[in-house]
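What follows is structure-v1.pdb (PDB, C-alpha atoms, pLDDT in the B column).
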ATOM      1  CA  MET A 827       0.000   0.000   0.000  1.00 92.00           C
ATOM      2  CA  LYS A 828       1.310   3.459  -0.886  1.00 96.00           C
ATOM      3  CA  ILE A 829       0.983   6.393   1.462  1.00 96.00           C
ATOM      4  CA  ALA A 830       1.880  10.053   0.913  1.00 96.00           C
ATOM      5  CA  ILE A 831       3.063  12.648   3.416  1.00 96.00           C
ATOM      6  CA  PRO A 832       3.497  16.332   2.495  1.00 95.00           C
ATOM      7  CA  SER A 833       6.958  17.674   3.302  1.00 94.00           C
ATOM      8  CA  ASP A 834       8.910  20.725   2.182  1.00 92.00           C
ATOM      9  CA  ASP A 835      12.269  19.447   3.446  1.00 93.00           C
ATOM     10  CA  GLY A 836      11.837  15.663   3.517  1.00 92.00           C
ATOM     11  CA  ILE A 837      12.163  15.636   7.327  1.00 94.00           C
ATOM     12  CA  HIS A 838       9.132  17.449   8.737  1.00 95.00           C
ATOM     13  CA  VAL A 839       5.449  16.902   8.002  1.00 95.00           C
ATOM     14  CA  ALA A 840       4.289  20.096   6.296  1.00 91.00           C
ATOM     15  CA  PRO A 841       1.552  22.052   8.080  1.00 83.00           C
ATOM     16  CA  ARG A 842      -0.550  22.528   4.902  1.00 81.00           C
ATOM     17  CA  PHE A 843      -1.252  19.802   2.380  1.00 84.00           C
ATOM     18  CA  TRP A 844      -1.747  21.285  -1.059  1.00 77.00           C
ATOM     19  CA  ARG A 845       0.785  24.141  -0.804  1.00 82.00           C
ATOM     20  CA  VAL A 846       3.687  21.798  -0.136  1.00 89.00           C
ATOM     21  CA  SER A 847       6.668  21.570  -2.507  1.00 90.00           C
ATOM     22  CA  SER A 848       6.880  17.758  -2.443  1.00 93.00           C
ATOM     23  CA  PHE A 849       5.370  14.559  -1.095  1.00 95.00           C
ATOM     24  CA  ILE A 850       7.193  11.649   0.485  1.00 96.00           C
ATOM     25  CA  VAL A 851       5.536   8.528  -0.933  1.00 96.00           C
ATOM     26  CA  ALA A 852       6.228   5.251   0.851  1.00 96.00           C
ATOM     27  CA  ASP A 853       5.284   1.692   0.003  1.00 95.00           C
ATOM     28  CA  VAL A 854       4.227   0.014   3.257  1.00 93.00           C
ATOM     29  CA  ASP A 855       3.458  -3.675   3.721  1.00 90.00           C
ATOM     30  CA  ALA A 856       3.016  -5.830   6.839  1.00 83.00           C
ATOM     31  CA  GLY A 857       4.675  -3.444   9.272  1.00 86.00           C
ATOM     32  CA  CYS A 858       7.634  -2.667   6.983  1.00 90.00           C
ATOM     33  CA  ILE A 859       8.501   0.354   4.886  1.00 92.00           C
ATOM     34  CA  LEU A 860       9.595  -1.184   1.590  1.00 92.00           C
ATOM     35  CA  ALA A 861      10.567   1.910  -0.407  1.00 93.00           C
ATOM     36  CA  THR A 862      10.263   5.681  -0.316  1.00 94.00           C
ATOM     37  CA  GLU A 863      10.363   8.305  -3.009  1.00 95.00           C
ATOM     38  CA  SER A 864       9.998  12.057  -3.189  1.00 94.00           C
ATOM     39  CA  ARG A 865       7.497  13.553  -5.639  1.00 93.00           C
ATOM     40  CA  ARG A 866       7.517  17.200  -6.591  1.00 92.00           C
ATOM     41  CA  ASN A 867       4.212  18.959  -6.267  1.00 88.00           C
ATOM     42  CA  LEU A 868       4.084  20.612  -9.673  1.00 75.00           C
ATOM     43  CA  PRO A 869       0.516  19.976 -10.703  1.00 57.00           C
ATOM     44  CA  ARG A 870      -0.501  20.936 -14.203  1.00 53.00           C
ATOM     45  CA  LEU A 871      -3.217  23.539 -14.207  1.00 52.00           C
ATOM     46  CA  SER A 872      -5.733  24.363 -16.871  1.00 51.00           C
ATOM     47  CA  LYS A 873      -4.452  26.706 -19.611  1.00 56.00           C
ATOM     48  CA  PHE A 874      -7.412  29.001 -19.095  1.00 55.00           C
ATOM     49  CA  PRO A 875      -8.042  29.088 -15.335  1.00 54.00           C
ATOM     50  CA  ARG A 876      -9.990  32.365 -15.494  1.00 57.00           C
ATOM     51  CA  MET A 877     -12.535  30.818 -17.815  1.00 56.00           C
ATOM     52  CA  ARG A 878     -13.423  28.217 -15.195  1.00 54.00           C
ATOM     53  CA  PRO A 879     -15.988  29.150 -12.549  1.00 56.00           C
ATOM     54  CA  ASP A 880     -13.657  27.993  -9.752  1.00 56.00           C
ATOM     55  CA  PRO A 881      -9.922  27.946 -10.695  1.00 57.00           C
ATOM     56  CA  TRP A 882      -8.961  26.710  -7.210  1.00 60.00           C
ATOM     57  CA  ARG A 883     -10.929  23.546  -7.801  1.00 66.00           C
ATOM     58  CA  ASP A 884      -8.563  22.770 -10.697  1.00 73.00           C
ATOM     59  CA  ARG A 885      -5.636  23.268  -8.329  1.00 80.00           C
ATOM     60  CA  TYR A 886      -7.068  20.795  -5.804  1.00 84.00           C
ATOM     61  CA  ARG A 887      -7.711  18.219  -8.516  1.00 84.00           C
ATOM     62  CA  ALA A 888      -4.178  18.656  -9.846  1.00 84.00           C
ATOM     63  CA  VAL A 889      -2.664  18.069  -6.392  1.00 88.00           C
ATOM     64  CA  ALA A 890      -4.877  14.999  -5.950  1.00 90.00           C
ATOM     65  CA  ASP A 891      -3.486  13.715  -9.277  1.00 90.00           C
ATOM     66  CA  VAL A 892       0.063  13.817  -7.844  1.00 91.00           C
ATOM     67  CA  VAL A 893      -0.899  11.314  -5.110  1.00 94.00           C
ATOM     68  CA  ALA A 894      -3.598   9.457  -7.077  1.00 94.00           C
ATOM     69  CA  ASP A 895      -1.888   6.061  -6.769  1.00 95.00           C
ATOM     70  CA  CYS A 896      -1.709   6.289  -2.955  1.00 96.00           C
ATOM     71  CA  ARG A 897      -4.248   4.660  -0.696  1.00 96.00           C
ATOM     72  CA  THR A 898      -3.666   6.954   2.302  1.00 96.00           C
ATOM     73  CA  VAL A 899      -2.470  10.499   2.857  1.00 96.00           C
ATOM     74  CA  ILE A 900      -1.027  11.586   6.213  1.00 95.00           C
ATOM     75  CA  ALA A 901      -1.069  15.330   6.880  1.00 94.00           C
ATOM     76  CA  GLY A 902      -0.833  17.867   9.681  1.00 92.00           C
ATOM     77  CA  SER A 903      -3.978  19.592   8.446  1.00 90.00           C
ATOM     78  CA  ILE A 904      -6.104  19.626   5.341  1.00 91.00           C
ATOM     79  CA  GLY A 905      -8.969  21.760   4.116  1.00 88.00           C
ATOM     80  CA  ASP A 906     -12.440  20.424   3.395  1.00 88.00           C
ATOM     81  CA  THR A 907     -12.195  20.937  -0.377  1.00 87.00           C
ATOM     82  CA  MET A 908      -8.876  19.087  -0.605  1.00 90.00           C
ATOM     83  CA  ARG A 909     -10.191  16.309   1.650  1.00 91.00           C
ATOM     84  CA  ARG A 910     -13.237  15.875  -0.614  1.00 90.00           C
ATOM     85  CA  ALA A 911     -11.030  15.767  -3.728  1.00 90.00           C
ATOM     86  CA  LEU A 912      -8.973  12.961  -2.176  1.00 93.00           C
ATOM     87  CA  THR A 913     -11.966  11.085  -0.761  1.00 92.00           C
ATOM     88  CA  ARG A 914     -13.646  11.051  -4.186  1.00 92.00           C
ATOM     89  CA  ARG A 915     -10.590   9.193  -5.477  1.00 93.00           C
ATOM     90  CA  GLY A 916     -10.792   6.642  -2.652  1.00 95.00           C
ATOM     91  CA  ILE A 917      -7.819   8.072  -0.761  1.00 95.00           C
ATOM     92  CA  GLU A 918      -8.095   7.942   3.029  1.00 95.00           C
ATOM     93  CA  VAL A 919      -6.957  11.068   4.914  1.00 94.00           C
ATOM     94  CA  VAL A 920      -5.210  10.708   8.284  1.00 94.00           C
ATOM     95  CA  ILE A 921      -4.554  13.851  10.330  1.00 93.00           C
ATOM     96  CA  THR A 922      -1.627  13.718  12.747  1.00 92.00           C
ATOM     97  CA  SER A 923       0.330  15.994  15.018  1.00 91.00           C
ATOM     98  CA  GLU A 924       3.515  13.992  14.422  1.00 93.00           C
ATOM     99  CA  GLU A 925       6.246  16.389  13.473  1.00 94.00           C
ATOM    100  CA  TYR A 926       8.637  14.065  11.632  1.00 96.00           C
ATOM    101  CA  VAL A 927       7.964  12.144   8.420  1.00 95.00           C
ATOM    102  CA  ASP A 928       9.979   9.075   9.437  1.00 94.00           C
ATOM    103  CA  ARG A 929       8.156   8.784  12.767  1.00 95.00           C
ATOM    104  CA  ALA A 930       4.746   9.146  11.092  1.00 95.00           C
ATOM    105  CA  LEU A 931       5.729   6.468   8.542  1.00 94.00           C
ATOM    106  CA  ALA A 932       6.949   4.078  11.252  1.00 93.00           C
ATOM    107  CA  LEU A 933       3.819   4.532  13.382  1.00 93.00           C
ATOM    108  CA  PHE A 934       1.580   4.047  10.338  1.00 94.00           C
ATOM    109  CA  ALA A 935       3.462   0.891   9.290  1.00 92.00           C
ATOM    110  CA  LEU A 936       2.988  -0.531  12.795  1.00 91.00           C
ATOM    111  CA  LEU A 937      -0.713   0.482  12.802  1.00 90.00           C
ATOM    112  CA  LEU A 938      -0.110   2.827  15.750  1.00 90.00           C
ATOM    113  CA  LEU A 939      -0.819   6.170  14.071  1.00 91.00           C
ATOM    114  CA  ARG A 940      -4.156   7.580  15.230  1.00 87.00           C
ATOM    115  CA  ASP A 941      -6.259   9.739  12.978  1.00 89.00           C
ATOM    116  CA  GLU A 942      -6.574  12.810  15.191  1.00 87.00           C
ATOM    117  CA  SER A 943      -9.480  14.186  13.187  1.00 81.00           C
ATOM    118  CA  ARG A 944     -11.578  11.314  14.571  1.00 74.00           C
ATOM    119  CA  ILE A 945     -10.760  11.886  18.235  1.00 65.00           C
ATOM    120  CA  ASP A 946     -13.832  12.942  20.150  1.00 60.00           C
ATOM    121  CA  PRO A 947     -12.981  16.203  21.972  1.00 55.00           C
ATOM    122  CA  GLU A 948     -15.004  15.000  24.971  1.00 55.00           C
ATOM    123  CA  ASP A 949     -12.914  11.832  25.254  1.00 56.00           C
ATOM    124  CA  ALA A 950      -9.706  13.860  25.063  1.00 53.00           C
ATOM    125  CA  GLU A 951     -11.031  16.180  27.775  1.00 56.00           C
ATOM    126  CA  ILE A 952     -11.933  13.242  30.038  1.00 52.00           C
ATOM    127  CA  ALA A 953      -8.478  11.694  29.563  1.00 55.00           C
ATOM    128  CA  GLU A 954      -6.818  15.028  30.341  1.00 59.00           C
ATOM    129  CA  VAL A 955      -8.805  15.460  33.567  1.00 55.00           C
ATOM    130  CA  ALA A 956      -8.155  11.843  34.578  1.00 54.00           C
ATOM    131  CA  GLU A 957      -4.444  12.297  34.073  1.00 59.00           C
ATOM    132  CA  SER A 958      -4.367  15.419  36.244  1.00 61.00           C
ATOM    133  CA  VAL A 959      -6.377  13.737  39.028  1.00 56.00           C
ATOM    134  CA  GLY A 960      -4.543  10.406  38.797  1.00 56.00           C
ATOM    135  CA  GLN A 961      -7.661   8.291  38.171  1.00 51.00           C
ATOM    136  CA  PRO A 962      -8.420   5.951  35.288  1.00 49.00           C
ATOM    137  CA  ALA A 963     -10.460   7.692  32.595  1.00 46.00           C
ATOM    138  CA  ALA A 964     -13.214   5.046  32.794  1.00 46.00           C
ATOM    139  CA  THR A 965     -14.142   6.069  36.353  1.00 45.00           C
ATOM    140  CA  LEU A 966     -14.322   9.755  35.467  1.00 40.00           C
ATOM    141  CA  GLU A 967     -16.395   9.077  32.365  1.00 42.00           C
ATOM    142  CA  ASP A 968     -19.299   7.941  34.543  1.00 44.00           C
ATOM    143  CA  GLU A 969     -19.057  11.145  36.586  1.00 44.00           C
ATOM    144  CA  PHE A 970     -19.221  13.300  33.437  1.00 41.00           C
ATOM    145  CA  ASP A 971     -22.257  11.412  32.144  1.00 42.00           C
ATOM    146  CA  ALA A 972     -24.199  11.781  35.410  1.00 42.00           C
TER     147      ALA A 972
END
Structure rendered as structure tokens:
Amino acid sequence: MKIAIPSDDGIHVAPRFWRVSSFIVADVDAGCILATESRRNLPRLSKFPRMRPDPWRDRYRAVADVVADCRTVIAGSIGDTMRRALTRRGIEVVITSEEYVDRALALFALLLLRDESRIDPEDAEIAEVAESVGQPAATLEDEFDA
């Protein structure tokens, strides 16, 4: 399975997805990173962008074309329009706060990378309170629900 991570320097996960200069594309299988490559983000745009009703939509499609053969994209953040462009192509989007590309790749290969866009803010709040009080989160969850 191929995954893509946006990176301007090849070391850090870029904060924005579509404005990045390149993508690190890795082939991951059974907990191993088989190969990595760097792809420049030079999407081809329409010759007449002003004639289109939404020229930015062409830009999003062009960026999605760069990673079209990937099954998953890992990013620090991504806008709704870009997410929809990727989802329409069957590409899963994983949001992470991991700072380094190699760490994000390793965690993903080991199935330990959490999609932070799917974390329920209430659950995170309960865990934070439990940690500060020194109690297991399960016991505090009942108190919050009462």
(message) Neighbouring residues of region 887-904 of chain A were defined as those with any atom within 8 Å, considering all atoms listed in the file; residues of the same chain fewer than 4 positions away were excluded. Please report them as a PyMOL selection string.
(response) chain A and resi 827-832+839-844+851+865+867-871+883+908-909+911-912+915-924+930
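The space between CA of Phe849 (chain A) and CA of Leu938 (chain A) spans 21.2 Å.
When CA of Asp834 (chain A) is paired with CA of Leu860 (chain A), their separation reads 21.9 Å.
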(request) Let me know the residues the PyMOL selection byres ((chain A and resi 932) around 12) catches in the file above, as a VMD selection string. (result) chain A and resid 829 852 to 860 924 926 to 931 933 to 939
Restricting the output to C-alpha atoms, write the selected residues as a compact mmCIF listing (two decimals), in the frame of the given file.
# COMPACT_ATOMS: atom_id res chain seq x y z
CA ILE A 829 0.98 6.39 1.46
CA ALA A 852 6.23 5.25 0.85
CA ASP A 853 5.28 1.69 0.00
CA VAL A 854 4.23 0.01 3.26
CA ASP A 855 3.46 -3.68 3.72
CA ALA A 856 3.02 -5.83 6.84
CA GLY A 857 4.68 -3.44 9.27
CA CYS A 858 7.63 -2.67 6.98
CA ILE A 859 8.50 0.35 4.89
CA LEU A 860 9.60 -1.18 1.59
CA GLU A 924 3.52 13.99 14.42
CA TYR A 926 8.64 14.06 11.63
CA VAL A 927 7.96 12.14 8.42
CA ASP A 928 9.98 9.07 9.44
CA ARG A 929 8.16 8.78 12.77
CA ALA A 930 4.75 9.15 11.09
CA LEU A 931 5.73 6.47 8.54
CA LEU A 933 3.82 4.53 13.38
CA PHE A 934 1.58 4.05 10.34
CA ALA A 935 3.46 0.89 9.29
CA LEU A 936 2.99 -0.53 12.80
CA LEU A 937 -0.71 0.48 12.80
CA LEU A 938 -0.11 2.83 15.75
CA LEU A 939 -0.82 6.17 14.07
Quick one: axis-aligned box around all listed atoms of region 857-871 of chain A, 8 Å on every side, centre and edge lengths in Å to one decimal, written as JSON.
{"center_x": 3.7, "center_y": 10.0, "center_z": -2.5, "size_x": 29.8, "size_y": 43.0, "size_z": 39.5}
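Here CA of Ile837 (chain A) and CA of Arg914 (chain A) stand 28.6 Å from one another.
Each of A:Gly905, A:Arg885, A:Ser833, A:Ser848 was compared to Ser943 (chain A) using all atoms listed in the file, and A:Gly905 turns out to be the nearest.
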